[in-house]
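The file entry-v8.pdb comes next; it holds PDB, C-alpha atoms.
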```pdb
ATOM      1  CA  MET A  16       9.133   1.312  31.105
ATOM      2  CA  ASN A  17       9.437  -1.117  28.205
ATOM      3  CA  ASP A  18       6.377  -3.311  28.560
ATOM      4  CA  ILE A  19       2.700  -2.813  27.785
ATOM      5  CA  LYS A  20       1.508  -5.867  29.722
ATOM      6  CA  GLY A  21      -0.934  -4.870  32.463
ATOM      7  CA  LEU A  22      -1.098  -1.260  31.264
ATOM      8  CA  LYS A  23      -4.546   0.350  31.587
ATOM      9  CA  ILE A  24      -5.169   2.033  28.236
ATOM     10  CA  GLY A  25      -8.071   4.280  27.296
ATOM     11  CA  PHE A  26      -8.547   3.868  23.534
ATOM     12  CA  ALA A  27     -10.646   6.781  22.263
ATOM     13  CA  MET A  28     -11.975   6.732  18.695
ATOM     14  CA  THR A  29     -13.264   9.803  16.854
ATOM     15  CA  GLY A  30     -15.012  10.040  13.494
ATOM     16  CA  SER A  31     -12.299   9.423  10.930
ATOM     17  CA  PHE A  32     -14.222   6.331   9.856
ATOM     18  CA  CYS A  33     -11.897   5.467   6.965
ATOM     19  CA  THR A  34      -9.133   4.660   9.470
ATOM     20  CA  PHE A  35     -11.172   2.508  11.869
ATOM     21  CA  ASP A  36      -9.742  -0.759  10.491
ATOM     22  CA  LYS A  37      -6.220   0.464  11.309
ATOM     23  CA  ALA A  38      -7.325   1.540  14.781
ATOM     24  CA  PHE A  39      -8.956  -1.825  15.470
ATOM     25  CA  GLU A  40      -5.782  -3.636  14.349
ATOM     26  CA  GLN A  41      -3.761  -1.711  16.926
ATOM     27  CA  MET A  42      -6.413  -2.170  19.599
ATOM     28  CA  GLN A  43      -6.212  -5.929  18.966
ATOM     29  CA  LEU A  44      -2.400  -5.871  19.054
ATOM     30  CA  LEU A  45      -2.325  -3.967  22.357
ATOM     31  CA  SER A  46      -4.816  -6.440  23.796
ATOM     32  CA  GLU A  47      -2.646  -9.350  22.681
ATOM     33  CA  MET A  48       0.345  -7.622  24.304
ATOM     34  CA  GLY A  49      -1.508  -7.823  27.623
ATOM     35  CA  ALA A  50      -2.929  -4.315  27.959
ATOM     36  CA  GLU A  51      -6.262  -3.756  29.699
ATOM     37  CA  ILE A  52      -8.126  -1.547  27.225
ATOM     38  CA  THR A  53     -11.200   0.610  27.810
ATOM     39  CA  PRO A  54     -12.828   1.606  24.507
ATOM     40  CA  ILE A  55     -14.216   5.144  24.331
ATOM     41  CA  ILE A  56     -16.218   6.032  21.245
ATOM     42  CA  SER A  57     -17.328   9.492  20.165
ATOM     43  CA  ALA A  58     -21.003  10.362  19.855
ATOM     44  CA  ASN A  59     -20.776  10.542  16.055
ATOM     45  CA  SER A  60     -18.851   7.279  15.802
ATOM     46  CA  SER A  61     -21.348   5.513  18.047
ATOM     47  CA  SER A  62     -24.391   6.764  16.161
ATOM     48  CA  MET A  63     -23.506   7.136  12.461
ATOM     49  CA  ASP A  64     -23.556   4.360   9.905
ATOM     50  CA  THR A  65     -21.141   5.005   7.025
ATOM     51  CA  ARG A  66     -19.754   3.196   4.001
ATOM     52  CA  PHE A  67     -17.042   1.956   6.389
ATOM     53  CA  GLY A  68     -19.526   0.067   8.563
ATOM     54  CA  SER A  69     -22.361   0.614  10.978
ATOM     55  CA  ALA A  70     -22.027   2.252  14.374
ATOM     56  CA  ASP A  71     -23.317  -0.903  16.052
ATOM     57  CA  GLU A  72     -20.682  -3.020  14.274
ATOM     58  CA  HIS A  73     -17.905  -0.686  15.404
ATOM     59  CA  ILE A  74     -19.081  -0.665  19.013
ATOM     60  CA  ALA A  75     -19.427  -4.455  19.024
ATOM     61  CA  LYS A  76     -15.944  -4.887  17.548
ATOM     62  CA  ALA A  77     -14.317  -2.603  20.134
ATOM     63  CA  GLU A  78     -16.142  -4.319  22.987
ATOM     64  CA  LYS A  79     -15.176  -7.768  21.727
ATOM     65  CA  ILE A  80     -11.491  -6.863  21.396
ATOM     66  CA  CYS A  81     -11.374  -5.178  24.804
ATOM     67  CA  ASN A  82     -13.773  -7.539  26.572
ATOM     68  CA  LYS A  83     -15.306  -4.422  28.106
ATOM     69  CA  LYS A  84     -18.312  -2.181  27.491
ATOM     70  CA  ALA A  85     -17.483   0.924  25.480
ATOM     71  CA  ILE A  86     -17.800   4.345  27.061
ATOM     72  CA  LEU A  87     -20.249   6.263  24.873
ATOM     73  CA  THR A  88     -21.302   9.282  26.959
ATOM     74  CA  ILE A  89     -19.771  12.262  28.709
ATOM     75  CA  LYS A  90     -21.281  11.057  31.980
ATOM     76  CA  ASP A  91     -19.597   7.654  31.676
ATOM     77  CA  ALA A  92     -16.236   9.209  30.693
ATOM     78  CA  GLU A  93     -16.053  11.577  33.665
ATOM     79  CA  PRO A  94     -14.981   8.965  36.292
ATOM     80  CA  ILE A  95     -11.865   7.948  34.301
ATOM     81  CA  GLY A  96      -9.593  10.286  36.254
ATOM     82  CA  PRO A  97     -11.172  10.152  39.727
ATOM     83  CA  LYS A  98     -11.244   6.339  39.637
ATOM     84  CA  ASN A  99      -7.743   6.030  38.079
ATOM     85  CA  LEU A 100      -9.107   3.885  35.248
ATOM     86  CA  THR A 101      -6.283   4.641  32.788
ATOM     87  CA  ASP A 102      -2.495   4.822  32.819
ATOM     88  CA  ILE A 103      -2.408   6.252  29.312
ATOM     89  CA  MET A 104      -5.013   7.594  26.876
ATOM     90  CA  ILE A 105      -4.838   7.159  23.093
ATOM     91  CA  VAL A 106      -7.022   9.147  20.708
ATOM     92  CA  ALA A 107      -6.883   7.089  17.512
ATOM     93  CA  PRO A 108      -8.046   8.309  15.114
ATOM     94  CA  CYS A 109      -8.030  11.936  16.229
ATOM     95  CA  THR A 110      -9.902  14.306  13.919
ATOM     96  CA  GLY A 111      -9.199  17.998  13.428
ATOM     97  CA  ASN A 112     -12.395  18.769  15.323
ATOM     98  CA  THR A 113     -11.195  16.856  18.379
ATOM     99  CA  LEU A 114      -7.701  18.411  18.090
ATOM    100  CA  ALA A 115      -9.283  21.879  18.271
ATOM    101  CA  LYS A 116     -11.425  20.975  21.264
ATOM    102  CA  LEU A 117      -8.446  19.526  23.132
ATOM    103  CA  ALA A 118      -6.313  22.583  22.339
ATOM    104  CA  TYR A 119      -9.002  24.912  23.699
ATOM    105  CA  SER A 120     -10.063  22.691  26.636
ATOM    106  CA  ILE A 121     -13.586  22.226  25.298
ATOM    107  CA  THR A 122     -15.233  19.296  27.034
ATOM    108  CA  ASP A 123     -18.440  18.509  25.167
ATOM    109  CA  THR A 124     -17.917  14.956  23.885
ATOM    110  CA  PRO A 125     -17.158  11.581  25.474
ATOM    111  CA  ILE A 126     -13.629  11.799  24.009
ATOM    112  CA  THR A 127     -12.779  15.274  25.291
ATOM    113  CA  MET A 128     -14.199  14.415  28.709
ATOM    114  CA  ALA A 129     -12.169  11.184  28.789
ATOM    115  CA  VAL A 130      -8.973  13.079  27.975
ATOM    116  CA  LYS A 131      -9.710  15.886  30.456
ATOM    117  CA  SER A 132     -10.534  13.418  33.213
ATOM    118  CA  HIS A 133      -7.430  11.349  32.456
ATOM    119  CA  LEU A 134      -5.162  14.438  32.436
ATOM    120  CA  ARG A 135      -6.147  15.369  35.981
ATOM    121  CA  ASN A 136      -3.735  12.598  37.030
ATOM    122  CA  PHE A 137      -0.873  14.085  34.924
ATOM    123  CA  ARG A 138      -0.675  10.989  32.753
ATOM    124  CA  PRO A 139       0.210  10.849  29.036
ATOM    125  CA  VAL A 140      -2.230  11.353  26.169
ATOM    126  CA  ILE A 141      -1.271  10.059  22.735
ATOM    127  CA  ILE A 142      -2.681  11.770  19.655
ATOM    128  CA  ASN A 143      -2.958   9.739  16.442
ATOM    129  CA  ILE A 144      -3.831  12.346  13.789
ATOM    130  CA  SER A 145      -6.225  11.682  10.936
ATOM    131  CA  THR A 146      -7.492  14.919   9.430
ATOM    132  CA  ASN A 147      -7.798  16.471   5.992
ATOM    133  CA  ASP A 148      -6.982  19.987   7.239
ATOM    134  CA  ALA A 149      -3.893  19.236   9.351
ATOM    135  CA  LEU A 150      -1.649  21.517   7.278
ATOM    136  CA  ALA A 151      -4.338  24.190   7.135
ATOM    137  CA  GLY A 152      -6.812  25.080   9.905
ATOM    138  CA  SER A 153      -5.686  22.346  12.309
ATOM    139  CA  LEU A 154      -1.960  23.076  12.117
ATOM    140  CA  LYS A 155      -2.056  25.630  14.934
ATOM    141  CA  ASN A 156      -3.805  23.101  17.187
ATOM    142  CA  ILE A 157      -1.223  20.412  16.418
ATOM    143  CA  GLY A 158       1.556  22.864  17.257
ATOM    144  CA  TYR A 159      -0.198  23.973  20.426
ATOM    145  CA  LEU A 160      -0.732  20.420  21.704
ATOM    146  CA  MET A 161       2.838  19.432  20.805
ATOM    147  CA  ASN A 162       3.973  22.081  23.264
ATOM    148  CA  MET A 163       1.582  21.014  26.032
ATOM    149  CA  LYS A 164       2.778  18.826  28.874
ATOM    150  CA  ASN A 165       1.558  15.200  28.765
ATOM    151  CA  TYR A 166       0.620  15.226  25.045
ATOM    152  CA  TYR A 167       2.517  12.953  22.650
ATOM    153  CA  PHE A 168       2.010  12.311  18.943
ATOM    154  CA  VAL A 169       2.156   9.123  16.926
ATOM    155  CA  PRO A 170       4.467   9.969  13.991
ATOM    156  CA  PHE A 171       2.542  11.242  10.971
ATOM    157  CA  ARG A 172       2.869  12.015   7.273
ATOM    158  CA  GLN A 173       0.911  13.417   4.339
ATOM    159  CA  ASP A 174      -1.356  10.652   3.107
ATOM    160  CA  ASP A 175      -1.995  12.031  -0.401
ATOM    161  CA  SER A 176       0.054  15.144  -1.141
ATOM    162  CA  VAL A 177      -1.428  15.537  -4.652
ATOM    163  CA  LYS A 178      -5.173  15.110  -4.059
ATOM    164  CA  LYS A 179      -5.245  16.169  -0.382
ATOM    165  CA  PRO A 180      -2.185  18.396   0.172
ATOM    166  CA  THR A 181      -3.229  19.547   3.674
ATOM    167  CA  SER A 182      -4.118  16.066   4.981
ATOM    168  CA  LEU A 183      -2.041  14.194   7.585
ATOM    169  CA  ILE A 184      -2.375  10.691   8.972
ATOM    170  CA  SER A 185      -0.418   9.030  11.749
ATOM    171  CA  ASP A 186       1.315   5.702  11.241
ATOM    172  CA  PHE A 187      -0.995   3.519  13.340
ATOM    173  CA  THR A 188       1.657   0.772  13.486
ATOM    174  CA  LEU A 189       3.811   3.072  15.643
ATOM    175  CA  ILE A 190       1.227   3.271  18.446
ATOM    176  CA  PRO A 191       2.989   0.677  20.670
ATOM    177  CA  GLN A 192       6.377   2.417  20.327
ATOM    178  CA  THR A 193       4.746   5.798  20.968
ATOM    179  CA  ILE A 194       3.187   4.413  24.159
ATOM    180  CA  ILE A 195       6.565   3.237  25.453
ATOM    181  CA  SER A 196       8.208   6.589  24.633
ATOM    182  CA  ALA A 197       5.369   8.560  26.251
ATOM    183  CA  LEU A 198       5.503   6.465  29.412
ATOM    184  CA  ASN A 199       9.198   7.342  29.584
ATOM    185  CA  GLY A 200       8.384  11.033  29.116
ATOM    186  CA  THR A 201       9.716  11.426  25.574
ATOM    187  CA  GLN A 202       8.211  12.119  22.181
ATOM    188  CA  ILE A 203       9.030   9.319  19.722
ATOM    189  CA  GLN A 204      11.196  10.626  16.880
ATOM    190  CA  PRO A 205      11.087  11.437  14.086
ATOM    191  CA  VAL A 206       7.553  12.718  14.534
ATOM    192  CA  ILE A 207       7.229  13.467  10.796
ATOM    193  CA  VAL A 208       7.869  10.319   8.730
TER     194      VAL A 208
END
```
Target encoding C-alpha cells, full file:
Amino acid sequence: MNDIKGLKIGFAMTGSFCTFDKAFEQMQLLSEMGAEITPIISANSSSMDTRFGSADEHIAKAEKICNKKAILTIKDAEPIGPKNLTDIMIVAPCTGNTLAKLAYSITDTPITMAVKSHLRNFRPVIINISTNDALAGSLKNIGYLMNMKNYYFVPFRQDDSVKKPTSLISDFTLIPQTIISALNGTQIQPVIV
C-alpha cells in the first residue's frame, strides 16, 4: 500500500501538551491527503487547560480538522474494533504513562481502550513517543512494544540531551511514511534519527 487516501485513521492524543501543535499539523496533513480521521483524546487532554491552550480549544481543533466528533470516553472508544472504525491507529503524542499501560494491557483510558479495541482486528498501531523518561523508566516499555506484533514506532531522537538527557520525541513529520511502512508490515528505518 502506498496511498493514505480513504484510509480510516484513529488519531489518539495523550497529554504531552507541548507537542500538540505538531500533532495537529500532521492530523491536518493526513486529512488533506484524503484520510478519514477519528480523533480520540485522553481524559487529561480533554479536561486540562495548560499554557499550551485550553482543553476545549484542543477538542474543537481536532473536531474541525477531522470533521468528526472526538471520542473522549472509554465507553465511546470500545466500539472501534467491533464496528471496524479504523484501519490504523496512531497515538501521537504518546506519553510514558500511556506506553506503560499499553505494554501491560491496562485499559483504563479512552486511548488505551481505543488501541485495545483496534488491535482485536490485528491492525497496526503507530506509537509517536513524547516522554521525558524514555531513556529511563519508560525504556523497558518501548523495548517491549517494539517486539510486539502490530506495533510500529515513528522514528525518534533525544530532544534535549543536555537539559533532558532521558527524553525522547518522535519526528512528527515522519507519521505519513510510518503509516505506509506499517500498512506494509514493516518498521520504518532508521527508527532512531
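For the pair CA of Thr101 (chain A) and CA of Tyr159 (chain A), the separation is 23.7 Å.
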Residue among A:Thr29, A:Leu134, A:Asn147, A:Ile103 lying closest to Asp175 (chain A), counting all atoms listed in the file
A:Asn147
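Residues matched by the PyMOL selection byres ((chain A and resi 93-99) around 9) in this file are Gly25, Thr88, Ile89, Lys90, Asp91, Ala92, Leu100, Thr101, Asp102, Pro125, Met128, Ala129, Val130, Lys131, Ser132, His133, Leu134, Arg135 and Asn136 of chain A.
The shortest atom-to-atom distance to Ile190 (chain A), with all atoms listed in the file taken into account, belongs to A:Gln41 out of A:Asn156, A:Ser69, A:Ser145, A:Gln41.
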Evaluate the PyMOL selection byres ((chain A and resi 169) around 6) on the structure here and hand back the selected residues as a ChimeraX atom specification.
/A:143,168,170,185,193
If you keep C-alpha atoms, can you produce a file of those selected residues as a PDB file, in the coordinates of the input?
```pdb
ATOM      1  CA  ASN A 143      -2.958   9.739  16.442  1.00  0.00           C
ATOM      2  CA  PHE A 168       2.010  12.311  18.943  1.00  0.00           C
ATOM      3  CA  PRO A 170       4.467   9.969  13.991  1.00  0.00           C
ATOM      4  CA  SER A 185      -0.418   9.030  11.749  1.00  0.00           C
ATOM      5  CA  THR A 193       4.746   5.798  20.968  1.00  0.00           C
TER       6      THR A 193
END
```
If you apply the PyMOL selection byres ((chain A and resi 173) around 12) to this file, what residues do you get, as number ranges by chain?
A: 144-150, 170-172, 174-186, 207-208
Considering all atoms listed in the file, return as a VMD selection string whatever protein or nucleic-acid residues lie within 8 Å of Pro108 (chain A), sequence-local ones (same chain, fewer than 2 positions apart) excluded.
chain A and resid 27 to 31 34 to 35 38 106 110 142 to 145
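With only C-alpha atoms as the basis for measurement, A:Cys33 is the residue among A:Tyr166, A:Cys33, A:Ile157, A:Lys84 that approaches Thr65 (chain A) most closely.
Put simply, CA of Thr124 (chain A) is 11.6 Å away from CA of Ser61 (chain A).
Neighbours of Lys83 (chain A) closer than or equal to 10 Å, with all atoms listed in the file counted and sequence neighbours fewer than 5 positions away skipped, come out as Glu51, Ile52, Thr53, Pro54, Ala75, Ala77 and Glu78 of chain A.
Going from CA of Asp71 (chain A) over to CA of Lys37 (chain A), you cover 17.8 Å.
Distance check against Pro139 (chain A) using all atoms listed in the file: of A:Leu189, A:Met63, A:Ile80, A:Ile24, the minimum falls on A:Ile24.
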Can you tell me which residues surround Pro191 (chain A) at a distance of at most 9 Å, considering all atoms listed in the file, apart from same-chain residues fewer than 3 positions away, and format the answer as JSON, numbers by chain?
{"A": [19, 41, 44, 45, 187, 188, 194, 195, 196]}
Residues proximal to (-9.0, 22.4, 15.8) were defined as those with any atom within 9 Å of that point in the file's coordinates, counting only C-alpha atoms. Which are they, as a PyMOL selection string?
chain A and resi 110-119+149+152-157
Once you have the residues from the selection above, write them out as a tab-separated table (two decimals), keeping the file's coordinate frame, restricted to C-alpha atoms.
```tsv
chain	number	residue	atom	x	y	z
A	110	THR	CA	-9.90	14.31	13.92
A	111	GLY	CA	-9.20	18.00	13.43
A	112	ASN	CA	-12.40	18.77	15.32
A	113	THR	CA	-11.20	16.86	18.38
A	114	LEU	CA	-7.70	18.41	18.09
A	115	ALA	CA	-9.28	21.88	18.27
A	116	LYS	CA	-11.42	20.98	21.26
A	117	LEU	CA	-8.45	19.53	23.13
A	118	ALA	CA	-6.31	22.58	22.34
A	119	TYR	CA	-9.00	24.91	23.70
A	149	ALA	CA	-3.89	19.24	9.35
A	152	GLY	CA	-6.81	25.08	9.90
A	153	SER	CA	-5.69	22.35	12.31
A	154	LEU	CA	-1.96	23.08	12.12
A	155	LYS	CA	-2.06	25.63	14.93
A	156	ASN	CA	-3.80	23.10	17.19
A	157	ILE	CA	-1.22	20.41	16.42
```
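Comparing A:Ile126, A:Asp36, A:Ile105, A:Lys79 by their smallest distance to Ala58 (chain A), the closest is A:Ile126 (using all atoms listed in the file).
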